[in-house]
Structures are given as structure tokens and as C-alpha cells.
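Novice: run26.tsv is the file, holding TSV, C-alpha atoms and all ligand atoms:
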chain	number	residue	atom	x	y	z
A	1	MET	CA	0.00	0.00	0.00
A	2	VAL	CA	1.33	3.39	-0.99
A	3	LEU	CA	2.25	5.58	1.96
A	4	LEU	CA	0.71	8.96	1.44
A	5	LYS	CA	1.28	10.38	4.89
A	6	THR	CA	0.82	14.14	4.81
A	7	ASN	CA	0.93	16.77	7.52
A	8	LEU	CA	-2.88	16.42	7.63
A	9	CYS	CA	-2.52	12.80	8.82
A	10	GLU	CA	-0.27	14.03	11.61
A	11	LEU	CA	-2.55	16.94	12.54
A	12	LEU	CA	-5.69	14.80	12.73
A	13	GLU	CA	-4.02	11.56	13.84
A	14	ILE	CA	-5.46	9.59	10.93
A	15	GLU	CA	-3.92	6.95	8.68
A	16	TYR	CA	-5.02	8.20	5.25
A	17	PRO	CA	-5.46	11.82	4.10
A	18	ILE	CA	-9.15	11.28	3.39
A	19	ILE	CA	-12.00	13.10	5.13
A	20	GLN	CA	-15.66	12.21	4.68
A	21	GLY	CA	-17.87	15.24	4.01
A	22	GLY	CA	-20.26	16.21	6.85
A	23	MET	CA	-23.43	15.98	4.78
A	24	ALA	CA	-26.74	17.02	6.38
A	25	TRP	CA	-29.38	14.22	6.43
A	26	VAL	CA	-26.69	11.81	5.16
A	27	ALA	CA	-23.60	11.66	7.37
A	28	TYR	CA	-25.00	9.92	10.45
A	29	ALA	CA	-22.98	8.25	13.22
A	30	GLU	CA	-22.90	4.87	11.43
A	31	LEU	CA	-21.10	6.33	8.41
A	32	ALA	CA	-18.78	8.59	10.39
A	33	ALA	CA	-17.72	5.73	12.68
A	34	ALA	CA	-17.08	3.39	9.73
A	35	VAL	CA	-14.87	5.95	7.94
A	36	SER	CA	-12.87	6.70	11.10
A	37	GLU	CA	-12.48	2.98	11.88
A	38	ALA	CA	-11.13	2.50	8.33
A	39	GLY	CA	-8.39	5.10	8.89
A	40	GLY	CA	-9.98	8.22	7.40
A	41	LEU	CA	-11.78	10.99	9.28
A	42	GLY	CA	-15.51	10.38	9.65
A	43	ILE	CA	-17.71	13.42	10.17
A	44	ILE	CA	-21.26	13.70	11.51
A	45	GLY	CA	-23.33	16.14	9.44
A	46	SER	CA	-25.43	18.20	11.84
A	47	GLY	CA	-27.25	20.28	9.20
A	48	HIS	CA	-30.38	21.84	10.71
A	49	ALA	CA	-30.59	19.28	13.54
A	50	PRO	CA	-31.19	20.32	17.18
A	51	ALA	CA	-28.37	20.07	19.73
A	52	ASP	CA	-29.75	16.96	21.52
A	53	TRP	CA	-29.69	14.99	18.29
A	54	VAL	CA	-26.09	16.01	17.67
A	55	ARG	CA	-25.11	14.87	21.18
A	56	GLU	CA	-26.75	11.48	20.61
A	57	GLN	CA	-24.90	11.05	17.34
A	58	ILE	CA	-21.59	11.91	19.01
A	59	HIS	CA	-22.23	9.30	21.70
A	60	LYS	CA	-23.07	6.74	19.01
A	61	VAL	CA	-19.76	7.32	17.24
A	62	LYS	CA	-17.85	7.16	20.52
A	63	GLU	CA	-19.48	3.75	21.22
A	64	ARG	CA	-18.39	2.46	17.80
A	65	THR	CA	-14.82	3.73	17.54
A	66	SER	CA	-12.07	5.18	19.69
A	67	LYS	CA	-10.45	6.85	16.69
A	68	PRO	CA	-10.76	10.60	16.00
A	69	PHE	CA	-13.89	11.90	14.28
A	70	GLY	CA	-15.50	15.23	13.54
A	71	VAL	CA	-18.80	17.10	13.40
A	72	ASN	CA	-19.81	19.51	10.65
A	73	VAL	CA	-21.80	22.57	11.63
A	74	MET	CA	-23.98	24.24	9.03
A	75	LEU	CA	-23.69	27.87	10.06
A	76	MET	CA	-27.11	28.78	8.64
A	77	SER	CA	-28.79	26.37	11.09
A	78	PRO	CA	-31.20	27.98	13.59
A	79	PHE	CA	-29.58	25.79	16.30
A	80	VAL	CA	-25.98	26.71	15.57
A	81	LYS	CA	-25.29	28.24	19.03
A	82	GLU	CA	-26.63	25.26	20.98
A	83	VAL	CA	-24.88	22.79	18.66
A	84	MET	CA	-21.54	24.57	19.17
A	85	GLN	CA	-22.09	24.38	22.95
A	86	VAL	CA	-22.55	20.58	22.69
A	87	LEU	CA	-19.36	20.25	20.63
A	88	VAL	CA	-17.44	22.19	23.29
A	89	GLU	CA	-18.87	20.01	26.08
A	90	GLU	CA	-18.15	16.78	24.20
A	91	ARG	CA	-14.64	17.93	23.23
A	92	VAL	CA	-15.06	16.72	19.66
A	93	ASN	CA	-11.69	16.13	17.93
A	94	VAL	CA	-12.50	18.07	14.76
A	95	VAL	CA	-15.15	20.66	13.90
A	96	THR	CA	-15.73	21.56	10.27
A	97	THR	CA	-18.06	24.38	9.31
A	98	GLY	CA	-19.97	25.25	6.14
A	99	ALA	CA	-22.06	27.95	4.55
A	100	GLY	CA	-20.67	30.87	6.56
A	101	ASN	CA	-18.00	32.39	8.78
A	102	PRO	CA	-17.32	30.48	12.07
A	103	GLY	CA	-15.29	33.37	13.56
A	104	VAL	CA	-17.44	33.96	16.67
A	105	TYR	CA	-17.14	30.32	17.80
A	106	MET	CA	-13.38	29.95	17.29
A	107	ALA	CA	-12.22	30.84	20.81
A	108	ALA	CA	-14.57	28.40	22.58
A	109	LEU	CA	-13.76	25.52	20.21
A	110	LYS	CA	-10.00	26.05	20.51
A	111	GLU	CA	-10.36	26.24	24.29
A	112	ALA	CA	-12.06	22.81	24.22
A	113	GLY	CA	-9.12	21.40	22.26
A	114	SER	CA	-10.98	20.91	18.97
A	115	LYS	CA	-9.27	21.30	15.61
A	116	VAL	CA	-11.31	23.83	13.64
A	117	ILE	CA	-11.46	23.35	9.87
A	118	PRO	CA	-13.85	25.64	7.97
A	119	VAL	CA	-15.02	24.99	4.44
A	120	VAL	CA	-14.40	27.97	2.16
A	121	ALA	CA	-15.22	28.70	-1.43
A	122	SER	CA	-12.98	31.77	-1.75
A	123	VAL	CA	-9.43	32.92	-1.03
A	124	ALA	CA	-10.60	35.98	0.92
A	125	LEU	CA	-12.50	33.96	3.54
A	126	ALA	CA	-9.62	31.48	3.86
A	127	GLN	CA	-7.25	34.36	4.64
A	128	ARG	CA	-9.61	36.04	7.10
A	129	LEU	CA	-10.12	32.77	9.02
A	130	THR	CA	-6.43	31.91	9.10
A	131	ARG	CA	-5.87	35.04	11.14
A	132	LEU	CA	-8.33	33.67	13.74
A	133	GLY	CA	-6.25	30.53	14.26
A	134	ILE	CA	-7.94	27.77	12.25
A	135	ASP	CA	-6.00	24.48	12.05
A	136	ALA	CA	-6.61	23.71	8.38
A	137	VAL	CA	-9.04	24.76	5.67
A	138	ILE	CA	-11.21	22.86	3.22
A	139	ALA	CA	-11.25	24.50	-0.22
A	140	GLU	CA	-14.44	23.32	-1.89
A	141	GLY	CA	-14.97	23.71	-5.62
A	142	MET	CA	-18.34	23.96	-7.34
A	143	GLU	CA	-18.17	20.35	-8.55
A	144	SER	CA	-19.36	19.32	-5.09
A	145	GLY	CA	-22.92	18.53	-4.09
A	146	GLY	CA	-25.05	20.82	-1.95
A	147	HIS	CA	-24.33	24.50	-1.34
A	148	VAL	CA	-21.70	25.63	-3.86
A	149	GLY	CA	-19.50	28.64	-4.58
A	150	GLU	CA	-18.37	29.91	-7.98
A	151	LEU	CA	-14.86	28.49	-8.45
A	152	THR	CA	-13.83	25.02	-9.56
A	153	THR	CA	-11.57	22.85	-7.39
A	154	MET	CA	-8.80	23.07	-10.02
A	155	ALA	CA	-8.73	26.88	-9.81
A	156	LEU	CA	-9.57	27.35	-6.10
A	157	VAL	CA	-7.21	24.90	-4.39
A	158	PRO	CA	-3.83	26.27	-5.62
A	159	GLN	CA	-5.00	29.84	-4.93
A	160	VAL	CA	-5.90	28.96	-1.33
A	161	VAL	CA	-2.63	27.01	-0.97
A	162	ASP	CA	-0.69	30.11	-2.02
A	163	ALA	CA	-2.68	32.38	0.31
A	164	VAL	CA	-2.54	30.52	3.65
A	165	GLN	CA	0.02	28.74	5.86
A	166	VAL	CA	-2.27	25.99	7.23
A	167	PRO	CA	-2.87	22.62	5.50
A	168	VAL	CA	-5.44	22.80	2.70
A	169	ILE	CA	-7.91	19.99	2.06
A	170	ALA	CA	-9.35	19.83	-1.46
A	171	ALA	CA	-13.05	19.06	-1.93
A	172	GLY	CA	-15.40	18.87	-4.89
A	173	GLY	CA	-14.98	16.55	-7.88
A	174	ILE	CA	-12.80	13.98	-6.13
A	175	TYR	CA	-13.66	10.29	-6.47
A	176	ASP	CA	-10.56	8.08	-6.55
A	177	GLY	CA	-6.75	7.95	-6.45
A	178	ARG	CA	-6.54	10.13	-9.55
A	179	GLY	CA	-8.41	12.89	-7.73
A	180	LEU	CA	-6.35	12.40	-4.57
A	181	VAL	CA	-3.01	12.61	-6.42
A	182	ALA	CA	-4.28	15.59	-8.44
A	183	ALA	CA	-5.25	17.37	-5.21
A	184	LEU	CA	-1.80	16.70	-3.73
A	185	ALA	CA	-0.25	18.01	-6.97
A	186	LEU	CA	-2.22	21.25	-6.48
A	187	GLY	CA	-0.62	21.60	-3.06
A	188	ALA	CA	-3.41	20.14	-0.91
A	189	ALA	CA	-2.56	17.96	2.11
A	190	GLY	CA	-5.62	15.73	1.68
A	191	VAL	CA	-9.12	15.44	0.28
A	192	GLN	CA	-12.69	15.61	1.50
A	193	MET	CA	-15.18	13.41	-0.33
A	194	GLY	CA	-18.95	13.36	0.05
A	195	THR	CA	-20.72	11.83	-2.91
A	196	ARG	CA	-18.77	8.56	-2.98
A	197	PHE	CA	-19.42	8.03	0.74
A	198	MET	CA	-23.16	8.49	0.16
A	199	CYS	CA	-22.97	5.08	-1.52
A	200	ALA	CA	-21.06	3.46	1.36
A	201	SER	CA	-22.92	0.42	2.74
A	202	GLU	CA	-22.86	2.04	6.20
A	203	CYS	CA	-24.54	5.23	4.95
A	204	PRO	CA	-28.13	4.99	6.19
A	205	ILE	CA	-29.86	7.06	3.47
A	206	HIS	CA	-32.73	5.66	1.41
A	207	GLN	CA	-31.65	2.98	-1.07
A	208	GLY	CA	-33.48	4.86	-3.85
A	209	VAL	CA	-31.09	7.81	-3.54
A	210	LYS	CA	-28.05	5.52	-3.80
A	211	GLU	CA	-29.59	4.02	-6.95
A	212	GLN	CA	-30.06	7.49	-8.49
A	213	ILE	CA	-26.39	8.32	-7.85
A	214	ILE	CA	-25.27	5.02	-9.38
A	215	LYS	CA	-27.51	5.64	-12.43
A	216	ALA	CA	-26.34	9.25	-12.92
A	217	LYS	CA	-24.34	10.28	-15.99
A	218	ASP	CA	-21.87	13.15	-16.39
A	219	ARG	CA	-24.44	15.93	-16.95
A	220	ASP	CA	-27.10	14.75	-14.51
A	221	THR	CA	-26.36	17.29	-11.76
A	222	VAL	CA	-27.54	20.90	-11.98
A	223	VAL	CA	-27.19	24.00	-9.81
A	224	THR	CA	-30.53	25.48	-8.76
A	225	GLY	CA	-31.39	28.39	-6.48
A	226	ARG	CA	-28.89	30.90	-7.88
A	227	SER	CA	-31.56	33.62	-7.62
A	228	THR	CA	-31.92	32.99	-3.87
A	229	GLY	CA	-28.22	33.54	-3.13
A	230	HIS	CA	-27.96	29.92	-1.95
A	231	PRO	CA	-27.16	27.89	-5.04
A	232	VAL	CA	-27.14	24.10	-4.53
A	233	ARG	CA	-25.94	21.27	-6.76
A	234	VAL	CA	-28.40	18.39	-6.96
A	235	LEU	CA	-29.31	15.49	-9.24
A	236	ARG	CA	-31.74	16.63	-11.92
A	237	ASN	CA	-35.36	15.56	-11.24
A	238	LYS	CA	-38.93	16.91	-11.19
A	239	LEU	CA	-38.06	19.26	-8.32
A	240	THR	CA	-35.15	20.86	-10.22
A	241	ARG	CA	-37.41	21.36	-13.25
A	242	GLN	CA	-39.91	23.16	-11.00
A	243	PHE	CA	-37.10	25.36	-9.63
A	244	GLU	CA	-35.84	26.17	-13.14
A	245	GLU	CA	-39.36	27.06	-14.23
A	246	MET	CA	-39.84	29.36	-11.20
A	247	GLU	CA	-36.49	31.09	-11.73
A	248	LYS	CA	-37.37	31.68	-15.40
A	249	ARG	CA	-40.65	33.34	-14.31
A	250	ASN	CA	-38.69	35.52	-11.82
A	251	VAL	CA	-40.66	34.18	-8.85
A	252	PRO	CA	-39.45	36.02	-5.68
A	253	PRO	CA	-36.49	34.29	-3.98
A	254	GLU	CA	-38.44	33.82	-0.70
A	255	GLU	CA	-41.00	31.70	-2.51
A	256	ILE	CA	-38.30	29.62	-4.17
A	257	GLU	CA	-36.57	29.12	-0.79
A	258	LYS	CA	-39.91	28.06	0.71
A	259	MET	CA	-40.32	25.36	-1.90
A	260	GLY	CA	-36.96	23.87	-0.87
A	261	VAL	CA	-37.95	23.38	2.79
A	262	GLY	CA	-38.02	19.73	3.87
A	263	LYS	CA	-36.92	18.46	0.48
A	264	MET	CA	-33.58	16.99	1.63
A	265	ARG	CA	-35.35	14.98	4.27
A	266	ALA	CA	-37.95	13.83	1.72
A	267	ALA	CA	-35.15	12.52	-0.49
A	268	MET	CA	-32.69	11.06	1.98
A	269	GLN	CA	-35.16	9.55	4.49
A	270	GLU	CA	-38.32	8.85	2.54
A	271	GLY	CA	-36.68	8.15	-0.81
A	272	ASP	CA	-38.69	10.71	-2.77
A	273	VAL	CA	-36.32	10.83	-5.76
A	274	GLU	CA	-38.76	12.85	-7.91
A	275	TYR	CA	-39.62	15.79	-5.66
A	276	GLY	CA	-36.86	15.50	-3.04
A	277	SER	CA	-33.57	17.44	-3.07
A	278	LEU	CA	-30.90	14.94	-4.17
A	279	MET	CA	-27.80	16.93	-3.23
A	280	ALA	CA	-24.84	15.17	-4.86
A	281	GLY	CA	-21.68	16.18	-6.71
A	282	GLN	CA	-20.49	15.90	-10.31
A	283	VAL	CA	-18.64	12.67	-9.53
A	284	SER	CA	-22.03	10.93	-9.10
A	285	ALA	CA	-21.44	9.61	-12.62
A	286	MET	CA	-18.29	7.80	-11.45
A	287	VAL	CA	-20.01	5.98	-8.57
A	288	LYS	CA	-20.78	2.47	-9.78
A	289	GLN	CA	-21.56	0.45	-6.67
A	290	ILE	CA	-22.36	0.33	-2.98
A	291	GLN	CA	-19.24	-0.60	-0.98
A	292	PRO	CA	-18.20	-0.64	2.68
A	293	ALA	CA	-16.33	2.54	3.72
A	294	ARG	CA	-13.17	0.53	4.32
A	295	GLU	CA	-13.24	-0.78	0.74
A	296	ILE	CA	-13.76	2.76	-0.61
A	297	ILE	CA	-10.73	4.05	1.27
A	298	LEU	CA	-8.51	1.12	0.27
A	299	ASP	CA	-9.64	1.49	-3.36
A	300	ILE	CA	-8.67	5.19	-3.34
A	301	MET	CA	-5.24	4.41	-1.88
A	302	ASN	CA	-4.64	1.52	-4.33
A	303	SER	CA	-5.59	3.64	-7.31
A	304	ALA	CA	-3.37	6.46	-6.00
A	305	GLN	CA	-0.49	4.00	-6.03
A	306	GLU	CA	-1.26	3.06	-9.64
A	307	VAL	CA	-1.30	6.73	-10.66
A	308	LEU	CA	1.99	7.44	-8.92
A	309	GLY	CA	3.55	4.42	-10.68
A	310	ARG	CA	2.34	5.75	-14.02
A	311	LEU	CA	3.66	9.25	-13.28
A	312	GLY	CA	7.00	7.78	-12.16
A	313	LYS	CA	7.58	6.67	-15.77
A	314	PHE	CA	7.94	10.34	-16.76
A	315	GLN	CA	10.87	10.92	-14.44
B	1	LIG	O1	-22.03	23.97	3.23
B	1	LIG	C1	-21.72	23.28	2.29
B	1	LIG	N1	-22.60	22.49	1.66
B	1	LIG	C2	-23.93	22.40	1.99
B	1	LIG	S1	-24.70	23.18	3.25
B	1	LIG	C3	-26.14	22.49	2.82
B	1	LIG	S2	-27.62	22.80	3.68
B	1	LIG	C4	-28.32	24.01	2.73
B	1	LIG	N2	-29.59	23.86	2.46
B	1	LIG	C5	-30.22	24.77	1.71
B	1	LIG	C6	-29.57	25.87	1.22
B	1	LIG	C7	-28.25	26.03	1.48
B	1	LIG	C8	-27.60	25.08	2.24
B	1	LIG	C9	-25.97	21.67	1.76
B	1	LIG	N3	-24.72	21.63	1.31
B	1	LIG	N4	-20.46	23.27	1.84
B	1	LIG	C10	-19.48	24.08	2.41
B	1	LIG	C11	-19.46	25.41	1.76
B	1	LIG	N5	-19.40	26.52	2.40
B	1	LIG	N6	-19.51	25.64	0.45
B	1	LIG	C12	-19.49	26.97	0.28
B	1	LIG	C13	-19.40	27.54	1.53
B	1	LIG	C14	-19.36	28.91	1.90
B	1	LIG	C15	-20.03	29.86	1.15
B	1	LIG	C16	-20.02	31.18	1.54
B	1	LIG	C17	-18.66	29.30	3.04
B	1	LIG	C18	-18.67	30.62	3.43
B	1	LIG	C19	-19.34	31.56	2.66
B	1	LIG	O2	-19.34	32.88	2.97
B	1	LIG	C20	-19.17	33.29	4.29
B	1	LIG	C21	-18.64	34.68	4.38
B	1	LIG	O3	-18.82	35.27	5.45
B	1	LIG	O4	-18.04	35.14	3.39
Take the structure in the file and give it back as C-alpha cells.
Specialist:
Amino acid sequence: MVLLKTNLCELLEIEYPIIQGGMAWVAYAELAAAVSEAGGLGIIGSGHAPADWVREQIHKVKERTSKPFGVNVMLMSPFVKEVMQVLVEERVNVVTTGAGNPGVYMAALKEAGSKVIPVVASVALAQRLTRLGIDAVIAEGMESGGHVGELTTMALVPQVVDAVQVPVIAAGGIYDGRGLVAALALGAAGVQMGTRFMCASECPIHQGVKEQIIKAKDRDTVVTGRSTGHPVRVLRNKLTRQFEEMEKRNVPPEEIEKMGVGKMRAAMQEGDVEYGSLMAGQVSAMVKQIQPAREIILDIMNSAQEVLGRLGKFQ
């Protein structure tokens, strides 16, 4: 097995430089524990969930593994304050944040000994947060599923690498060893992957959603909600056609936002693949099967070894 130990492995005390994305309604304790047990960093996605739920999930992971794990906080959640308080009390190893600026929570999290790793979609935010003492940063390109920025991973990652001193984790558009090696070539110290882990056997989302990801082809994801200021990448379905139609008619953003409420839950829990929000990234097309998390991680590392062997021939 190729040894791709980076400073991220050291920082997080993990075996492989692979982090599982903290996806709301998807990344439950079962998945996070399986990824951490397999040598990556598993992350619970807290999304819009209340603090008590997050505490339960943390306890569930702690029962299943003694290895480090993380929790992702969606900063637009109405429960963000209470959730942060739970993370401080539980002394979670790693806290990742999304969809905003975690500045006001930094001091308390650092005090509790947590590594703080925000997701950014721009160089400016990465720089601002570095000054507050973050431990690493996740640079997420618009290939990813869910809430997206404007830049691609290929353009964003090297710009963030040049702008900050902390380790950079590349996210968006990464599926296998080719993506991992490419990310390292751009200067990243590791990768975060969401979509592929949605099809992990341990991921307790509805089987119908996994099937849609496996069926997806290269152009089957679209970005909707640009007019609301919260664009999200999802698999194309009847819901996205409704959104497109509303945006064409210049329906007010509040009404469009309203139509999105509860749609992630409808997809991920109830399996409504027609009118649910199937947040997934552009690599959906590359996902061919449901596999245990351990197999996914070993497959990525094996294919990274193959790529490095191939590149070695150019020396
Ligand atoms: O957060 C994500 N992905 C998400 S969050 C989510 S839940 C949601 N539901 C409905 C509408 C919107 C979200 C689904 N997927 N990824 C991390 C990420 N963060 N990507 C981009 C950003 C980001 C964007 C703007 C981070 C900060 C930011 O600006 C903050 C500032 O102050 O400049």
C-alpha cells in the first residue's frame, strides 16, 4: 500500500489523508464511525438538527470507535449556538463548518481542544479565518454537491494554498486515487469526499437515492437556487425542473426558498427521488456500486499507487 502520509494525517491523527464530508441528512454516526475505523476521518453532518440529536450522534460514534472523528456545523442552522455548545462540552476532535464564517465560535472551540477546519469557497474567507487561528481549511470547488461557490476545485485549491500557511484539504470533484493525487499536486494535504461516501454500505440514506447516484451520468447534476443567493448542486429531477421554471418566471427568492424546505429529508429519508432534493456532486457519474467505507478508502489508496507508478515513468 502506498504511503501517502501528509501533515494532515499528523494533525488529525489519521492513517489516510481522506475526510468524509459532513453531509446534512446523510452523514450519520454509522457512516462517520465506519470511515474513522477505516483510517480516514468520519464526520457527523449536523445540518439543521437540534443540539440533543447532535449529542446522541456523538455518543453513538464514541461507542463504535475510539479513533478521532468530527462534526460539521452548518452555520445557517437555527440551532448553531446550541450545537456549538454541545461540541465544546463533548470535546469533539475536529469541527468543520460550512455555509458561513465560524469566527465567533473559534475561541470556545480552541479552548475545548478541537481542531477547527472551515469549508471555504474563496481565497478571501480562507485568509480572514487563518488570522483567527484555524487548524486547516477545506477549499471546496463547485463540482461538489449541496451548497456551492463559484470556483472550480482546479482553480480554487492552488490559490488557497498560495494564500494561507495551514494545511489545505481539497473538496469537490474527487472520487478516486486520480483525484487524490491531483489534489496533492495542487498543493493540498488531503481530500474531503462526500458523494462517494453516500454510496457506502454504512450510509443509512434511502436505497433509492443511492440508486439514483449510481444511475447518474456526467451531466445529470444541476445548480438550482442561484436567484436565492444559496445555489445548490443536486441530481436533476422533477423538483429541479420546478425550480428552473420558477427562476425563469422571476418568482421572488423567498418563494423559491420556501419550496426547498423539507426536500432533503424527503429525499434522503423517505426516498422521494422525484420531488426531493438529491444533493450530490459531479462525480455521481463515477459511482458504480455500494461498498463498505473501508473498501472505498482502500480502493482510493490503491488507485493512487497506480497513478503514482504511471507518473513515475515520466521521471
Ligand atoms: O455547506 C456546504 N454544503 C452544503 S450546506 C447544505 S444545507 C443548505 N440547504 C439549503 C440551502 C443552502 C444550504 C448543503 N450543502 N459546503 C461548504 C461550503 N461553504 N460551500 C461553500 C461555503 C461557503 C459559502 C459562503 C462558506 C462561506 C461563505 O461565505 C461566508 C462569508 O462570510 O463570506
Novice: Would you mind reading off the distance between CA of Ala185 in chain A and atom N1 of ligand LIG 1 (chain B), one decimal, in Å?
Specialist: 24.4 Å
Novice: Counting all atoms listed in the file, what are the residues, protein, DNA or RNA alike, that approach ligand LIG 1 (chain B) to within 7 Å? I want them as a list in words.
Specialist: Met23, Ala24, Gly47, Met74, Gly98, Ala99, Gly100, Asn101, Val119, Val120, Ala121, Leu125, Glu140, Gly145, Gly146, His147, Val148, Gly149, His230, Pro231 and Val232 of chain A
Novice: Looking at A:Ile297, A:Val307, A:Val209, A:Val261, which one is nearest to Met279 in chain A, with distances taken over all atoms listed in the file?
Specialist: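 Among A:Ile297, A:Val307, A:Val209, A:Val261, it is A:Val209 that comes nearest to Met279 in chain A.
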Novice: In Å, how far is it from CA of Pro292 in chain A to CA of Gly70 in chain A?
Specialist: 19.4 Å
Novice: Can you pull out every residue within 8 Å of Ala171 in chain A, counting only C-alpha atoms, but drop anything in the same chain fewer than 6 positions away, and send it as a ChimeraX atom specification?
Specialist: /A:138-141,144,153,191-193
Novice: Could you check how far CA of Ile213 in chain A sits from CA of Lys248 in chain A, in Å to one decimal?
Specialist: 26.9 Å
Novice: For a quick check of understanding, using only C-alpha atoms, which of A:Pro253, A:Gly40, A:Gly190, A:Gly229 has the smallest distance to Val161 in chain A?
Specialist: A:Gly190
Novice: Determine the nearest neighbour of Val61 in chain A from the options A:Ala216, A:Ala49, A:Val104, A:Val35, counting only C-alpha atoms.
Specialist: A:Val35
Novice: Pick from A:Gly113, A:Gly281, A:Gly276, A:Pro252: nearest to Thr221 in chain A, with all atoms listed in the file counted?
Specialist: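 Answer, going by the shortest atom-to-atom distance: A:Gly281.
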Novice: Considering all atoms listed in the file, state which residue in the set A:Met106, A:Ala189, A:Ile58, A:Val166 is at the smallest distance from Thr6 in chain A.
Specialist: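 Closest to Thr6 in chain A of all the choices is A:Ala189.
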Novice: Nearest to Gln282 in chain A: which of A:Lys263, A:Lys238, A:Glu143, A:Gly312 is it, counting all atoms listed in the file?
Specialist: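 Checking each candidate against Gln282 in chain A, we get A:Glu143 as the closest.
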Novice: Keeping just N, CA and C atoms, export range 151-165 of chain A of this structure as a PDB file, in the first residue's frame.
Specialist:
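Okay, this is what ended up in decode11.pdb:
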ATOM      1  N   LEU A 151     -16.104  28.983  -7.854  1.00  0.00           N
ATOM      2  CA  LEU A 151     -14.863  28.491  -8.455  1.00  0.00           C
ATOM      3  C   LEU A 151     -14.813  26.974  -8.509  1.00  0.00           C
ATOM      4  N   THR A 152     -14.050  26.464  -9.472  1.00  0.00           N
ATOM      5  CA  THR A 152     -13.825  25.021  -9.559  1.00  0.00           C
ATOM      6  C   THR A 152     -12.694  24.633  -8.603  1.00  0.00           C
ATOM      7  N   THR A 153     -12.629  23.369  -8.265  1.00  0.00           N
ATOM      8  CA  THR A 153     -11.569  22.854  -7.387  1.00  0.00           C
ATOM      9  C   THR A 153     -10.193  23.126  -8.004  1.00  0.00           C
ATOM     10  N   MET A 154     -10.080  22.890  -9.303  1.00  0.00           N
ATOM     11  CA  MET A 154      -8.798  23.074 -10.015  1.00  0.00           C
ATOM     12  C   MET A 154      -8.270  24.498  -9.875  1.00  0.00           C
ATOM     13  N   ALA A 155      -9.163  25.480  -9.901  1.00  0.00           N
ATOM     14  CA  ALA A 155      -8.732  26.881  -9.810  1.00  0.00           C
ATOM     15  C   ALA A 155      -8.612  27.340  -8.351  1.00  0.00           C
ATOM     16  N   LEU A 156      -9.523  26.866  -7.491  1.00  0.00           N
ATOM     17  CA  LEU A 156      -9.573  27.350  -6.101  1.00  0.00           C
ATOM     18  C   LEU A 156      -8.422  26.828  -5.240  1.00  0.00           C
ATOM     19  N   VAL A 157      -8.154  25.516  -5.323  1.00  0.00           N
ATOM     20  CA  VAL A 157      -7.205  24.896  -4.387  1.00  0.00           C
ATOM     21  C   VAL A 157      -5.809  25.539  -4.449  1.00  0.00           C
ATOM     22  N   PRO A 158      -5.182  25.668  -5.622  1.00  0.00           N
ATOM     23  CA  PRO A 158      -3.834  26.272  -5.622  1.00  0.00           C
ATOM     24  C   PRO A 158      -3.839  27.726  -5.161  1.00  0.00           C
ATOM     25  N   GLN A 159      -4.937  28.433  -5.383  1.00  0.00           N
ATOM     26  CA  GLN A 159      -4.998  29.836  -4.931  1.00  0.00           C
ATOM     27  C   GLN A 159      -5.077  29.912  -3.414  1.00  0.00           C
ATOM     28  N   VAL A 160      -5.826  28.994  -2.802  1.00  0.00           N
ATOM     29  CA  VAL A 160      -5.900  28.965  -1.334  1.00  0.00           C
ATOM     30  C   VAL A 160      -4.558  28.504  -0.764  1.00  0.00           C
ATOM     31  N   VAL A 161      -3.947  27.502  -1.417  1.00  0.00           N
ATOM     32  CA  VAL A 161      -2.633  27.010  -0.971  1.00  0.00           C
ATOM     33  C   VAL A 161      -1.623  28.154  -0.936  1.00  0.00           C
ATOM     34  N   ASP A 162      -1.641  28.998  -1.957  1.00  0.00           N
ATOM     35  CA  ASP A 162      -0.688  30.111  -2.017  1.00  0.00           C
ATOM     36  C   ASP A 162      -0.999  31.204  -0.998  1.00  0.00           C
ATOM     37  N   ALA A 163      -2.260  31.258  -0.534  1.00  0.00           N
ATOM     38  CA  ALA A 163      -2.680  32.384   0.309  1.00  0.00           C
ATOM     39  C   ALA A 163      -2.576  32.108   1.805  1.00  0.00           C
ATOM     40  N   VAL A 164      -2.528  30.834   2.215  1.00  0.00           N
ATOM     41  CA  VAL A 164      -2.538  30.522   3.650  1.00  0.00           C
ATOM     42  C   VAL A 164      -1.374  29.614   4.043  1.00  0.00           C
ATOM     43  N   GLN A 165      -1.092  29.562   5.348  1.00  0.00           N
ATOM     44  CA  GLN A 165       0.020  28.744   5.858  1.00  0.00           C
ATOM     45  C   GLN A 165      -0.453  27.376   6.352  1.00  0.00           C
TER      46      GLN A 165
END
